[in-house]
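K.L.:
For reference, the file my_file.cif (mmCIF, C-alpha atoms) is included below:
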data_model
loop_
_atom_site.group_PDB
_atom_site.id
_atom_site.type_symbol
_atom_site.label_atom_id
_atom_site.label_comp_id
_atom_site.auth_asym_id
_atom_site.auth_seq_id
_atom_site.Cartn_x
_atom_site.Cartn_y
_atom_site.Cartn_z
ATOM 1 C CA MET I 18 0.000 0.000 0.000
ATOM 2 C CA ARG I 19 1.327 3.454 -0.945
ATOM 3 C CA PHE I 20 1.825 6.041 1.811
ATOM 4 C CA SER I 21 -0.694 8.377 0.135
ATOM 5 C CA ASP I 22 -3.310 5.586 0.183
ATOM 6 C CA LEU I 23 -2.652 5.018 3.874
ATOM 7 C CA VAL I 24 -3.064 8.699 4.665
ATOM 8 C CA PHE I 25 -6.304 8.810 2.676
ATOM 9 C CA SER I 26 -7.661 5.746 4.522
ATOM 10 C CA VAL I 27 -6.824 7.165 7.917
ATOM 11 C CA SER I 28 -8.329 10.531 6.996
ATOM 12 C CA LEU I 29 -11.507 8.891 5.730
ATOM 13 C CA ALA I 30 -11.819 6.796 8.880
ATOM 14 C CA ALA I 31 -11.324 9.874 11.034
ATOM 15 C CA ALA I 32 -13.975 11.764 9.090
ATOM 16 C CA VAL I 33 -16.462 8.908 9.392
ATOM 17 C CA SER I 34 -15.684 8.580 13.108
ATOM 18 C CA ALA I 35 -16.139 12.319 13.641
ATOM 19 C CA GLY I 36 -19.461 12.153 11.790
ATOM 20 C CA VAL I 37 -20.679 9.376 14.064
ATOM 21 C CA VAL I 38 -19.624 11.315 17.157
ATOM 22 C CA ASP I 39 -21.339 14.448 15.863
ATOM 23 C CA ARG I 40 -24.574 12.591 15.093
ATOM 24 C CA ARG I 41 -24.507 10.893 18.475
ATOM 25 C CA ALA I 42 -23.827 14.173 20.266
ATOM 26 C CA ALA I 43 -26.842 15.743 18.573
ATOM 27 C CA PHE I 44 -29.352 13.123 19.693
ATOM 28 C CA THR I 45 -27.665 12.640 23.058
ATOM 29 C CA LEU I 46 -28.214 16.257 24.052
ATOM 30 C CA GLN I 47 -31.790 16.119 22.798
ATOM 31 C CA ASN I 48 -32.369 12.930 24.804
ATOM 32 C CA GLY I 49 -31.268 14.776 27.916
ATOM 33 C CA LYS I 50 -33.593 17.684 27.213
ATOM 34 C CA ASP I 51 -36.480 15.309 26.442
ATOM 35 C CA ALA I 52 -35.916 13.493 29.750
ATOM 36 C CA GLN I 53 -35.984 16.822 31.594
ATOM 37 C CA ALA I 54 -39.229 17.784 29.831
ATOM 38 C CA LEU I 55 -40.847 14.503 30.863
ATOM 39 C CA ASN I 56 -39.685 14.910 34.462
ATOM 40 C CA ARG I 57 -41.204 18.406 34.507
ATOM 41 C CA LYS I 58 -44.465 16.993 33.142
ATOM 42 C CA PHE I 59 -44.520 14.256 35.786
ATOM 43 C CA GLN I 60 -44.375 16.842 38.576
ATOM 44 C CA SER I 61 -48.034 17.751 38.023
ATOM 45 C CA LEU I 62 -49.428 14.236 37.545
ATOM 46 C CA THR I 63 -51.593 12.425 40.101
ATOM 47 C CA ALA I 64 -53.141 8.963 40.114
ATOM 48 C CA ASN I 65 -56.354 10.583 38.857
ATOM 49 C CA SER I 66 -54.784 12.487 35.953
ATOM 50 C CA PRO I 67 -56.300 11.670 32.535
ATOM 51 C CA CYS I 68 -54.169 9.295 30.481
ATOM 52 C CA THR I 69 -54.130 7.189 27.336
ATOM 53 C CA ASN I 70 -54.176 3.409 27.638
ATOM 54 C CA GLY I 71 -50.628 2.060 27.590
ATOM 55 C CA GLU I 72 -49.074 5.408 28.509
ATOM 56 C CA GLN I 73 -46.196 5.214 30.982
ATOM 57 C CA ALA I 74 -45.253 7.947 33.427
ATOM 58 C CA CYS I 75 -44.054 8.741 36.931
ATOM 59 C CA VAL I 76 -46.607 9.759 39.558
ATOM 60 C CA LYS I 77 -45.359 11.000 42.926
ATOM 61 C CA GLY I 78 -42.149 9.002 42.534
ATOM 62 C CA GLN I 79 -43.937 5.784 41.527
ATOM 63 C CA LEU I 80 -43.955 3.960 38.206
ATOM 64 C CA ALA I 81 -47.298 4.505 36.483
ATOM 65 C CA GLN I 82 -49.011 2.781 33.570
ATOM 66 C CA CYS I 83 -52.354 3.825 32.135
ATOM 67 C CA ILE I 84 -54.866 0.978 32.264
ATOM 68 C CA GLY I 85 -58.497 1.676 31.515
ATOM 69 C CA SER I 86 -57.812 5.426 31.263
ATOM 70 C CA LYS I 87 -56.437 5.490 34.814
ATOM 71 C CA PHE I 88 -52.889 5.241 36.129
ATOM 72 C CA ALA I 89 -51.959 2.043 37.976
ATOM 73 C CA LEU I 90 -49.016 2.727 40.296
ATOM 74 C CA SER I 91 -46.076 0.530 41.285
ATOM 75 C CA SER I 92 -43.566 1.497 43.959
ATOM 76 C CA CYS I 93 -39.820 1.629 43.416
ATOM 77 C CA ALA I 94 -37.353 0.295 45.983
ATOM 78 C CA SER I 95 -37.103 2.426 49.119
ATOM 79 C CA THR I 96 -33.988 4.353 47.995
ATOM 80 C CA LEU I 97 -35.161 4.915 44.409
ATOM 81 C CA GLN I 98 -37.788 6.962 42.614
ATOM 82 C CA CYS I 99 -39.399 6.909 39.189
ATOM 83 C CA VAL I 100 -37.659 9.169 36.657
ATOM 84 C CA ALA I 101 -37.295 9.683 32.930
ATOM 85 C CA LEU I 102 -33.752 9.012 31.703
ATOM 86 C CA PRO I 103 -32.054 9.672 28.343
ATOM 87 C CA LEU I 104 -31.218 6.669 26.190
ATOM 88 C CA VAL I 105 -27.521 6.260 25.423
ATOM 89 C CA ASN I 106 -27.242 4.589 22.019
ATOM 90 C CA LYS I 107 -30.239 5.949 20.132
ATOM 91 C CA PRO I 108 -32.742 8.808 20.271
ATOM 92 C CA GLY I 109 -35.337 8.556 23.008
ATOM 93 C CA THR I 110 -35.928 8.240 26.714
ATOM 94 C CA SER I 111 -36.826 5.533 29.207
ATOM 95 C CA ILE I 112 -38.895 5.562 32.380
ATOM 96 C CA THR I 113 -37.458 3.588 35.256
ATOM 97 C CA CYS I 114 -36.561 3.559 38.947
ATOM 98 C CA ASP I 115 -33.256 5.227 39.796
ATOM 99 C CA SER I 116 -31.594 7.242 42.537
ATOM 100 C CA LEU I 117 -31.878 11.008 42.231
ATOM 101 C CA GLN I 118 -28.106 11.387 42.144
ATOM 102 C CA ASP I 119 -27.644 8.858 39.329
ATOM 103 C CA ALA I 120 -30.512 10.327 37.312
ATOM 104 C CA GLN I 121 -29.025 13.810 37.593
ATOM 105 C CA ALA I 122 -25.601 12.478 36.556
ATOM 106 C CA ARG I 123 -27.016 10.656 33.508
ATOM 107 C CA ILE I 124 -28.803 13.782 32.320
ATOM 108 C CA ALA I 125 -25.718 15.918 32.930
ATOM 109 C CA GLU I 126 -23.637 13.521 30.806
ATOM 110 C CA THR I 127 -25.790 14.401 27.778
ATOM 111 C CA GLY I 128 -24.817 18.053 28.068
ATOM 112 C CA ALA I 129 -28.297 19.120 29.167
ATOM 113 C CA GLN I 130 -28.083 21.702 31.943
ATOM 114 C CA GLY I 131 -30.350 22.283 34.907
ATOM 115 C CA GLY I 132 -30.442 18.890 36.617
ATOM 116 C CA LEU I 133 -33.457 16.588 36.620
ATOM 117 C CA LEU I 134 -35.978 19.217 35.519
ATOM 118 C CA GLY I 135 -33.957 21.573 33.326
ATOM 119 C CA LYS I 136 -34.726 25.303 33.493
ATOM 120 C CA ARG I 137 -37.242 24.828 36.239
ATOM 121 C CA ASP I 138 -34.638 22.935 38.248
ATOM 122 C CA LEU I 139 -32.260 25.870 37.846
ATOM 123 C CA GLU I 140 -34.946 28.255 39.115
ATOM 124 C CA GLU I 141 -35.619 26.019 42.108
ATOM 125 C CA ARG I 142 -31.926 25.926 42.928
ATOM 126 C CA LYS I 143 -31.829 29.715 42.979
ATOM 127 C CA ILE I 144 -34.737 29.651 45.435
ATOM 128 C CA GLU I 145 -33.013 26.943 47.464
ATOM 129 C CA ALA I 146 -29.845 29.025 47.617
ATOM 130 C CA ARG I 147 -31.869 31.838 49.216
ATOM 131 C CA ALA I 148 -33.517 29.523 51.761
ATOM 132 C CA THR I 149 -31.692 30.145 55.021
ATOM 133 C CA ALA I 150 -32.464 28.466 58.313
ATOM 134 C CA PRO I 151 -33.450 30.846 61.153
ATOM 135 C CA SER I 152 -30.584 31.537 63.548
ATOM 136 C CA ALA I 153 -32.427 29.822 66.422
ATOM 137 C CA CYS I 154 -32.589 26.627 64.355
ATOM 138 C CA LYS I 155 -28.907 26.822 63.478
ATOM 139 C CA GLY I 156 -28.121 26.851 67.183
ATOM 140 C CA LYS I 157 -30.005 23.595 67.685
ATOM 141 C CA GLY I 158 -27.746 21.609 65.405
ATOM 142 C CA LYS I 159 -29.020 18.473 63.701
ATOM 143 C CA ARG I 160 -32.140 16.689 64.894
ATOM 144 C CA GLU I 161 -31.957 13.827 67.315
ATOM 145 C CA ASP I 162 -34.494 11.016 67.423
ATOM 146 C CA SER I 163 -36.616 12.353 70.270
ATOM 147 C CA THR I 164 -39.897 10.645 69.350
ATOM 148 C CA PRO I 165 -40.286 7.210 70.966
ATOM 149 C CA PHE I 166 -41.433 4.575 68.510
ATOM 150 C CA GLU I 167 -43.630 1.538 69.185
ATOM 151 C CA ALA I 168 -40.850 -1.045 69.218
ATOM 152 C CA ASN I 169 -43.310 -3.889 69.715
ATOM 153 C CA LEU I 170 -44.947 -2.989 66.412
ATOM 154 C CA LEU I 171 -42.307 -1.591 64.088
ATOM 155 C CA LYS I 172 -38.681 -1.552 65.071
ATOM 156 C CA ARG I 173 -37.172 1.543 63.568
ATOM 157 C CA ILE I 174 -33.919 0.763 61.769
ATOM 158 C CA ALA I 175 -33.195 4.048 59.983
ATOM 159 C CA GLN I 176 -34.933 3.696 56.622
ATOM 160 C CA SER I 177 -33.886 0.143 55.900
ATOM 161 C CA ASP I 178 -37.012 -1.011 57.724
ATOM 162 C CA LEU I 179 -39.562 0.032 55.096
ATOM 163 C CA GLY I 180 -40.058 -3.563 54.038
ATOM 164 C CA GLN I 181 -40.676 -4.470 57.663
ATOM 165 C CA VAL I 182 -43.182 -1.629 57.976
ATOM 166 C CA ALA I 183 -45.120 -2.970 54.996
ATOM 167 C CA GLN I 184 -44.947 -6.574 56.169
ATOM 168 C CA SER I 185 -46.231 -5.636 59.627
ATOM 169 C CA TRP I 186 -49.462 -4.219 58.163
ATOM 170 C CA GLN I 187 -49.851 -7.008 55.638
ATOM 171 C CA ASP I 188 -49.566 -9.752 58.268
ATOM 172 C CA LEU I 189 -52.200 -8.141 60.509
ATOM 173 C CA CYS I 190 -54.457 -7.401 57.549
ATOM 174 C CA VAL I 191 -54.365 -10.999 56.290
ATOM 175 C CA LYS I 192 -55.305 -12.277 59.761
ATOM 176 C CA SER I 193 -58.126 -9.748 60.166
ATOM 177 C CA GLY I 194 -60.752 -11.582 58.139
ATOM 178 C CA GLY I 195 -61.569 -8.314 56.372
ATOM 179 C CA PRO I 196 -62.713 -7.964 52.755
ATOM 180 C CA ARG I 197 -60.058 -8.363 50.066
ATOM 181 C CA SER I 198 -60.216 -8.174 46.294
ATOM 182 C CA SER I 199 -57.608 -9.244 43.779
ATOM 183 C CA GLY I 200 -57.468 -5.889 42.051
ATOM 184 C CA ASN I 201 -57.522 -3.691 45.146
ATOM 185 C CA ASP I 202 -56.281 -5.772 48.058
ATOM 186 C CA PRO I 203 -55.856 -3.493 51.119
ATOM 187 C CA CYS I 204 -53.355 -5.946 52.582
ATOM 188 C CA VAL I 205 -51.086 -5.205 49.611
ATOM 189 C CA LYS I 206 -52.099 -1.699 48.533
ATOM 190 C CA LEU I 207 -51.778 -0.132 52.001
ATOM 191 C CA ALA I 208 -48.511 -1.982 52.662
ATOM 192 C CA GLY I 209 -45.970 -2.493 49.891
ATOM 193 C CA GLN I 210 -47.594 -0.127 47.406
ATOM 194 C CA ASN I 211 -48.991 3.079 48.911
ATOM 195 C CA GLY I 212 -47.502 2.293 52.315
ATOM 196 C CA ILE I 213 -43.884 2.450 51.183
ATOM 197 C CA SER I 214 -44.256 5.055 48.433
ATOM 198 C CA SER I 215 -45.843 7.459 50.948
ATOM 199 C CA LEU I 216 -42.673 7.308 53.034
ATOM 200 C CA LEU I 217 -40.343 8.319 50.214
ATOM 201 C CA ALA I 218 -38.771 11.769 50.126
ATOM 202 C CA ASN I 219 -40.686 12.913 47.040
ATOM 203 C CA ALA I 220 -44.090 11.766 48.310
ATOM 204 C CA ASP I 221 -46.820 14.336 48.914
ATOM 205 C CA ALA I 222 -46.678 15.652 52.481
ATOM 206 C CA CYS I 223 -50.157 14.219 53.211
ATOM 207 C CA ALA I 224 -49.750 10.846 51.449
ATOM 208 C CA GLN I 225 -48.588 9.119 54.642
ATOM 209 C CA GLN I 226 -51.549 10.455 56.645
ATOM 210 C CA ASP I 227 -53.972 9.492 53.867
ATOM 211 C CA ASN I 228 -52.611 5.953 53.891
ATOM 212 C CA ALA I 229 -52.855 5.748 57.684
ATOM 213 C CA ASP I 230 -56.468 6.958 57.466
ATOM 214 C CA ALA I 231 -57.184 4.202 54.942
ATOM 215 C CA MET I 232 -55.693 1.680 57.369
ATOM 216 C CA VAL I 233 -57.995 2.861 60.160
ATOM 217 C CA ASP I 234 -60.978 2.844 57.791
ATOM 218 C CA PHE I 235 -60.227 -0.791 56.992
ATOM 219 C CA ALA I 236 -59.858 -1.674 60.683
ATOM 220 C CA LYS I 237 -63.325 -0.288 61.437
ATOM 221 C CA GLN I 238 -65.156 -2.444 58.917
ATOM 222 C CA PRO I 239 -67.627 -5.075 60.182
ATOM 223 C CA GLY I 240 -66.193 -8.527 60.752
ATOM 224 C CA ILE I 241 -62.625 -7.413 61.481
ATOM 225 C CA THR I 242 -61.216 -9.647 64.231
ATOM 226 C CA ASN I 243 -58.172 -7.575 65.257
ATOM 227 C CA LYS I 244 -59.440 -4.008 65.006
ATOM 228 C CA GLN I 245 -57.291 -2.507 67.767
ATOM 229 C CA ALA I 246 -54.094 -4.153 66.532
ATOM 230 C CA LEU I 247 -54.707 -2.703 63.067
ATOM 231 C CA ILE I 248 -55.396 0.764 64.472
ATOM 232 C CA ASP I 249 -52.272 0.596 66.643
ATOM 233 C CA ASN I 250 -50.304 -0.369 63.562
ATOM 234 C CA ALA I 251 -51.766 2.550 61.594
ATOM 235 C CA ILE I 252 -50.756 4.960 64.359
ATOM 236 C CA ALA I 253 -47.239 3.549 64.442
ATOM 237 C CA TYR I 254 -47.045 3.822 60.660
ATOM 238 C CA ARG I 255 -48.177 7.450 60.809
ATOM 239 C CA LYS I 256 -45.307 8.234 63.202
ATOM 240 C CA HIS I 257 -42.663 6.692 60.972
ATOM 241 C CA PRO I 258 -40.137 9.154 59.482
ATOM 242 C CA ARG I 259 -40.114 9.758 55.761
ATOM 243 C CA ASN I 260 -36.975 9.487 53.681
ATOM 244 C CA ALA I 261 -34.786 12.593 53.572
ATOM 245 C CA LEU I 262 -32.454 13.200 50.641
ATOM 246 C CA ASN I 263 -29.439 15.453 50.206
ATOM 247 C CA ILE I 264 -30.334 18.581 48.219
ATOM 248 C CA ASN I 265 -27.286 20.604 47.193
ATOM 249 C CA GLY I 266 -25.415 19.628 50.349
ATOM 250 C CA VAL I 267 -28.408 19.969 52.714
ATOM 251 C CA VAL I 268 -30.432 17.097 54.171
ATOM 252 C CA PRO I 269 -33.689 18.886 55.079
ATOM 253 C CA SER I 270 -36.484 17.891 57.420
ATOM 254 C CA THR I 271 -39.565 16.599 55.622
ATOM 255 C CA LEU I 272 -42.645 18.811 55.321
ATOM 256 C CA PHE I 273 -45.661 18.104 57.527
ATOM 257 C CA CYS I 274 -49.192 17.529 56.275
ATOM 258 C CA GLU I 275 -51.351 20.651 56.564
ATOM 259 C CA LYS I 276 -54.763 19.043 56.949
ATOM 260 C CA ALA I 277 -56.563 17.151 59.709
ATOM 261 C CA PRO I 278 -56.873 13.360 59.499
ATOM 262 C CA ARG I 279 -60.290 11.799 58.899
ATOM 263 C CA ASN I 280 -60.081 9.489 61.900
ATOM 264 C CA PRO I 281 -59.867 10.783 65.495
ATOM 265 C CA GLU I 282 -57.365 8.046 66.358
ATOM 266 C CA LEU I 283 -54.824 9.895 64.211
ATOM 267 C CA LYS I 284 -55.470 13.375 65.604
ATOM 268 C CA GLY I 285 -52.183 14.951 66.680
ATOM 269 C CA VAL I 286 -50.147 12.025 65.315
ATOM 270 C CA VAL I 287 -47.403 13.130 62.913
ATOM 271 C CA ASN I 288 -44.342 11.692 61.251
ATOM 272 C CA ALA I 289 -41.069 11.846 63.142
ATOM 273 C CA GLN I 290 -37.967 13.341 61.527
ATOM 274 C CA LEU I 291 -34.867 11.297 60.809
ATOM 275 C CA PRO I 292 -31.824 11.892 63.024
ATOM 276 C CA GLY I 293 -29.321 14.197 61.341
ATOM 277 C CA VAL I 294 -31.724 16.260 59.214
ATOM 278 C CA ASP I 295 -31.538 20.041 59.335
ATOM 279 C CA PRO I 296 -34.176 21.423 61.775
ATOM 280 C CA GLY I 297 -34.184 24.818 60.072
ATOM 281 C CA LEU I 298 -34.698 23.771 56.451
ATOM 282 C CA PHE I 299 -37.542 21.650 55.062
ATOM 283 C CA GLY I 300 -38.367 20.191 51.671
ATOM 284 C CA SER I 301 -37.619 17.531 49.100
ATOM 285 C CA PRO I 302 -36.211 17.281 45.576
ATOM 286 C CA SER I 303 -39.713 17.894 44.185
ATOM 287 C CA THR I 304 -40.614 20.884 46.393
ATOM 288 C CA GLY I 305 -37.253 22.611 46.880
ATOM 289 C CA LEU I 306 -36.100 24.013 50.221
ATOM 290 C CA VAL I 307 -37.996 26.363 52.531
ATOM 291 C CA PRO I 308 -36.896 27.767 55.915
ATOM 292 C CA PHE I 309 -38.546 26.876 59.201
ATOM 293 C CA GLY I 310 -41.598 29.091 59.597
ATOM 294 C CA ALA I 311 -42.894 28.471 56.075
ATOM 295 C CA PRO I 312 -46.132 26.480 55.554
ATOM 296 C CA GLY I 313 -45.660 22.792 56.314
ATOM 297 C CA THR I 314 -42.715 23.231 58.685
ATOM 298 C CA CYS I 315 -44.925 22.582 61.735
ATOM 299 C CA PRO I 316 -47.554 19.855 62.189
ATOM 300 C CA PHE I 317 -51.185 20.685 61.435
ATOM 301 C CA GLY I 318 -52.728 22.863 64.141
ATOM 302 C CA LYS I 319 -49.406 24.221 65.408
ATOM 303 C CA THR I 320 -47.728 27.562 64.758
ATOM 304 C CA ALA I 321 -44.045 28.094 64.067
ATOM 305 C CA ASN I 322 -42.079 30.223 66.532
ATOM 306 C CA VAL I 323 -39.084 31.272 64.485
ATOM 307 C CA ALA I 324 -37.392 32.961 67.483
ATOM 308 C CA SER I 325 -37.129 29.639 69.304
ATOM 309 C CA CYS I 326 -37.279 27.281 66.318
ATOM 310 C CA SER I 327 -40.228 25.467 67.860
ATOM 311 C CA CYS I 328 -43.849 24.639 67.058
ATOM 312 C CA ASN I 329 -46.497 25.755 69.549
#
Could you rewrite the structure in this file as structure tokens?

P.N.:
Amino acid sequence: MRFSDLVFSVSLAAAVSAGVVDRRAAFTLQNGKDAQALNRKFQSLTANSPCTNGEQACVKGQLAQCIGSKFALSSCASTLQCVALPLVNKPGTSITCDSLQDAQARIAETGAQGGLLGKRDLEERKIEARATAPSACKGKGKREDSTPFEANLLKRIAQSDLGQVAQSWQDLCVKSGGPRSSGNDPCVKLAGQNGISSLLANADACAQQDNADAMVDFAKQPGITNKQALIDNAIAYRKHPRNALNINGVVPSTLFCEKAPRNPELKGVVNAQLPGVDPGLFGSPSTGLVPFGAPGTCPFGKTANVASCSCN
């Protein structure tokens, strides 16, 4: 082979290679932007949002598929949440369970800026940067686990016990003799499905209380043989902390529900906060950060005293 032929071959190969890289870069960036757009769309979806049969989405951190014009939800593992991710080798996106940190990294690798949500995420980060804990809260340091938990019901092992939490309800529910249906079994739905997803960091602030209310509703049905045990379990579940995730170097307290429970057994019962979370900043990846004193930083019926960083 002549030297000139060799040079031509190498040059041609380099040109083809560069073309492939350029084409891949074009769709890769678009994949990242498309994933961000989907994640923004998912922020406003609920289980009752209109949908098209077969459509897939994320609803409150859960995997969702449209069946019969209604979303059917499936929970991710306790440390994961449903997100849209960019495909790597071809145009498009996928919907799957992933950690927030990995999802953000995958989107960033495409060249798309703004994190999980894009421009909106950038705006939220500006707001988060302005959220400053009151000085009284800074003096308190990180939270300690000051709320006693019903050890005979649900042993609290940080957040690795979510499976145990679900199993505790399911076991009591199965023994109760209460009504169960294959498509809407309360022993499953209120345990491993809604029960766990309501304890995740991105869950709605009232999802845990709503699930506990549903537990008590079930316990009060005619024919239930272990009513008090089920109610006690619902109360213990309501007190369980929700996951707390690192947001730009801050692990905030989780927001409290701002409405009264349906059942009197749950009146005044609220979720505990995990040890180590910041007592002066509240929020989640889906809500952003707010300082103590903002709505949701005290349990329902209590008022924030910013001077003492306490709820009265």

K.L.:
Can you tell me which residues surround I:Cys99 at a distance of at most 10 Å, considering only C-alpha atoms, apart from same-chain residues fewer than 5 positions away, and format the answer as number ranges by chain?

P.N.:
I: 56, 59, 74-81, 91-94, 112-117, 120, 219

K.L.:
Let me have the centre and edge lengths in Å, one decimal, of the box along x, y and z around every listed atom of stretch 253-270 of chain I with 5 Å of margin on each side, as lines of an AutoDock Vina configuration file.

P.N.:
center_x = -36.8
center_y = 12.1
center_z = 55.8
size_x = 32.8
size_y = 27.1
size_z = 27.2

K.L.:
I'd like the neighbourhood of I:Cys83 as JSON, numbers by chain, where a residue qualifies if any of its atoms comes within 9 Å (using all atoms listed in the file), though same-chain residues fewer than 6 positions away should be ignored.

P.N.:
{"I": [67, 68, 69, 70, 71, 72, 73, 74, 89, 90]}

K.L.:
Enter the distance from atom CA of I:Pro278 to atom CA of I:His257, in Å, rounded to one decimal.

P.N.:
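Computed distance, atom CA of I:Pro278 to atom CA of I:His257, equals 15.8 Å.
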
K.L.:
Specify as a PyMOL selection string each residue included when the PyMOL selection byres ((chain I and resi 269) around 7) is applied to this file.

P.N.:
chain I and resi 261+267-268+270-271+294-295+298-300

K.L.:
Write the residues of the preceding selection, restricted to C-alpha atoms, as a CSV table (one decimal), in the coordinates of the input.

P.N.:
chain,number,residue,atom,x,y,z
I,261,ALA,CA,-34.8,12.6,53.6
I,267,VAL,CA,-28.4,20.0,52.7
I,268,VAL,CA,-30.4,17.1,54.2
I,270,SER,CA,-36.5,17.9,57.4
I,271,THR,CA,-39.6,16.6,55.6
I,294,VAL,CA,-31.7,16.3,59.2
I,295,ASP,CA,-31.5,20.0,59.3
I,298,LEU,CA,-34.7,23.8,56.5
I,299,PHE,CA,-37.5,21.6,55.1
I,300,GLY,CA,-38.4,20.2,51.7
